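Here's the structure, in structure tokens; my notes come after.
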Protein chains: 2
Amino acid sequence: MPTSTVEDYLKQILLEQQNDPEALVPMGQISTALNVAPGTVTAMVKALADSGLVSYEPYSGVRLTPSGRQLAAHVLRRHRLIELFLVKVMGMDWSEVHIEAEELEHAVSERLVERMDEMLGYPSTDPHGDPIPDAHGVMPVTVRPSLLTCELGERVRVARVGDQSREFLQLLERRHLKPGSTLIVERRDEVADTVDLRREGGAELSLGFRAASKIFVEPA
Amino acid sequence: MPTSTVEDYLKQILLEQQNDPEALVPMGQISTALNVAPGTVTAMVKALADSGLVSYEPYSGVRLTPSGRQLAAHVLRRHRLIELFLVKVMGMDWSEVHIEAEELEHAVSERLVERMDEMLGYPSTDPHGDPIPDAHGVMPVTVRPSLLTCELGERVRVARVGDQSREFLQLLERRHLKPGSTLIVERRDEVADTVDLRREGGAELSLGFRAASKIFVEPA
DNA sequence: CCCGAAATTTTGAACCATCAAAATCATGAT
DNA sequence: ATCATGATTTTGATGGTTCAAAATTTCGGG
């Protein structure tokens, strides 16, 4: 049985390289994301390599092996199903479920996860629009434009948000920019660092480039 | 923040001495219950004593201090609310929820526990009839007769079962002896080691003394 | 009152996850 | 090509939890 620390490292590596399974994730990135000292990551990664969960290239980085990827995907599945469960069934706020799921993902049994999945009707995405790996650990990766890169003047729907922080999510809630909302990007001003949006109903609002880049959309 | 190991020790000590707050729980009892070596318990208990959670009397045993009791009661509250939640909301079998709750009790946040409590309508007992401590850690202790000590010929209702093992609980389920069931103890035979019961509806069945002593009843 | 069995404590060791700080390596700019 | 800078690895150490086995204590019966 992998420890919860091992699960955290694998999950993080998966998140950092999910677009490209061949990519090497540098140590520093993991160190920052998990908030541990760089040397700790080196030590841990060596142990993961010894267990055959990652392949480690000194001074370059790590990538998941098939079995590491499998395990990581299951952790991610648990995390995302739990988040959705907490929102849909427990009525919790979407801005608080990430932290909660961070703990619960290491404690729930396989049976309980499958029960949640069933109760939720086998959903494909979590409250932030992230895909939920299926029971075999398979997860579709969809690349979408953000508010910074999508067409101007087209009606788009918010599909996913790329920042799980409480503050960011609460902002989106107040501005009615949760996944599912539709809107149009009216204009972008590089100098002013603003993206102007028109929401369903006509209300205008604007975001800075950094915030806009964390909201991903699909054609409405 | 106490570690989950600390929570396990405190909870176990509370369970072993819940009738008498003055009682000293011997090391061996904890060692057996938690399935760790005796020396490990000694070491851990010393650490708990240093944290002011228990008072330790070498070669005699430990008892909870007020703050230890407080903490233990909160762990027990989480455990029992989770068990009930898993049965009532998740539709899990009562024979499998104990193990699940054993993990979850260390992972759920205060907020989530209170949310479960609310959804369940502030229940007073868990699926096995054990009392659920309130949000302040206060738990009523009711002493009840067992099938071995209650009056013969009286209609009684199963109020609590004192064995959480899967096998025992599945047996009770098959025999319709879950908490809430009513029955009459017809006779006891010391030599044959049998307790004969008549269930609601008239069906007769018998149990051995050891099993009978783990089923507690109240007047129906 | 002493003695042996049972319980408890001590000792020495291991594993996991972590840190700070020193040493090493890699890379891009000159 | 070299060299400074930043990333990575190494080193030495700590805290928490655990074990096995040896030493000690307790306590009831002779």
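Just remember, in the structure tokens the first chain shown is A, the second B, etc., residues are 1-based per chain, and ligands are 1-based in the order shown.
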
Could you list, as a VMD selection string, every residue within 12 Å of stretch 13-18 of chain D, counting only C-alpha atoms (C1' of nucleotides) and ignoring same-chain residues fewer than 3 positions away?
(chain B and resid 2 to 6 35 to 44 47) or (chain C and resid 13 to 21)

Quick one: which residues from chain C are at most 10 Å off chain B, using only C-alpha atoms (C1' of nucleotides), as a tab-separated table (two decimals) with C-alpha atoms (C1' of nucleotides), in the first residue's frame?
```
chain	number	residue	atom	x	y	z
C	7	DA	C1'	3.06	-7.49	32.76
C	8	DT	C1'	5.78	-3.59	31.89
C	9	DT	C1'	9.78	-0.94	30.72
C	10	DT	C1'	14.24	-0.36	28.62
```

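In this structure, the chain D residues at most 8 Å away from chain B are D:DT18, D:DC19, D:DT25, D:DT26, with only C-alpha atoms (C1' of nucleotides) considered.
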
Interface, chain B side, toward chain A (7 Å; only C-alpha atoms) as an mmCIF file with N, CA and C atoms, in the first residue's frame:
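That gives us selection_16.cif:
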```cif
data_model
loop_
_atom_site.group_PDB
_atom_site.id
_atom_site.type_symbol
_atom_site.label_atom_id
_atom_site.label_comp_id
_atom_site.auth_asym_id
_atom_site.auth_seq_id
_atom_site.Cartn_x
_atom_site.Cartn_y
_atom_site.Cartn_z
ATOM 1 N N GLU B 100 -14.073 1.508 7.326
ATOM 2 C CA GLU B 100 -14.023 2.729 6.529
ATOM 3 C C GLU B 100 -13.894 3.957 7.431
ATOM 4 N N GLU B 103 -10.482 5.026 8.961
ATOM 5 C CA GLU B 103 -9.598 5.888 8.165
ATOM 6 C C GLU B 103 -10.134 7.309 8.072
ATOM 7 N N LEU B 104 -11.412 7.404 7.751
ATOM 8 C CA LEU B 104 -12.005 8.716 7.492
ATOM 9 C C LEU B 104 -12.003 9.626 8.709
ATOM 10 N N ALA B 107 -9.458 12.186 8.604
ATOM 11 C CA ALA B 107 -9.325 12.993 7.386
ATOM 12 C C ALA B 107 -10.411 14.054 7.228
ATOM 13 N N VAL B 108 -11.540 13.886 7.861
ATOM 14 C CA VAL B 108 -12.632 14.845 7.663
ATOM 15 C C VAL B 108 -12.402 16.125 8.457
ATOM 16 N N SER B 109 -12.812 17.233 7.883
ATOM 17 C CA SER B 109 -12.702 18.516 8.580
ATOM 18 C C SER B 109 -13.873 18.688 9.537
#
```

Go ahead and compute the interatomic distance for atom CA of A:Val185 and atom CA of A:Glu200, in Å to one decimal.
11.4 Å

So that I can check the secondary structure, give me every residue of stretch 163-216 of chain B assigned strand (DSSP E or B) by backbone DSSP, as an MDAnalysis selection string.
chainID B and resid 182:189 194:199 204:208 215:216

Let me make sure I understand: among B:Arg155, B:Cys150, B:Gln17, B:Gln164, which one has the smallest atom-to-atom distance to B:His98 if we use only C-alpha atoms?
B:Gln164

Which residues are near D:DT5? Cut-off 12 Å, only C-alpha atoms (C1' of nucleotides), ignore same chain within fewer than 4 positions. Put them as an MDAnalysis selection string.
chainID C and resid 25:29

Write out, as a compact mmCIF listing (two decimals), in the first residue's frame, the residues just selected, with C-alpha atoms (C1' of nucleotides).
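See part11.txt below for the written result:
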```txt
# COMPACT_ATOMS: atom_id res chain seq x y z
C1' DC C 25 26.33 20.20 -11.75
C1' DA C 26 24.35 22.53 -15.97
C1' DT C 27 23.52 26.36 -18.85
C1' DG C 28 23.36 30.68 -21.05
C1' DA C 29 25.85 35.00 -21.60
```

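Rounded to one decimal, atom CA of A:Asp20 and atom CA of A:Glu151 lie 25.5 Å from each other.
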
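Counting only C-alpha atoms (C1' of nucleotides), B:Asp126 has the following residues at most 8 Å away, ignoring those fewer than 6 positions along the same chain: Arg80, Leu81, Glu83, Leu84 and Ile132 of chain B.
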
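What separates atom CA of B:Ile82 from atom CA of B:Asp117 is a distance of 9.0 Å.
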
Just the residues within 7 Å of B:Arg199, please, counting only C-alpha atoms (C1' of nucleotides), with nothing from its chain fewer than 6 positions along; format it as a compact mmCIF listing (two decimals) with C-alpha atoms, in the first residue's frame.
```txt
# COMPACT_ATOMS: atom_id res chain seq x y z
CA THR B 182 -37.59 -6.77 19.55
CA LEU B 183 -37.46 -10.21 21.11
CA ILE B 184 -37.90 -12.26 24.27
```

Excluding A:Leu10 and any residue of its chain fewer than 2 positions from it, enumerate the residues within 10 Å of it, using only C-alpha atoms (C1' of nucleotides), and give them as a count of residues only.
25
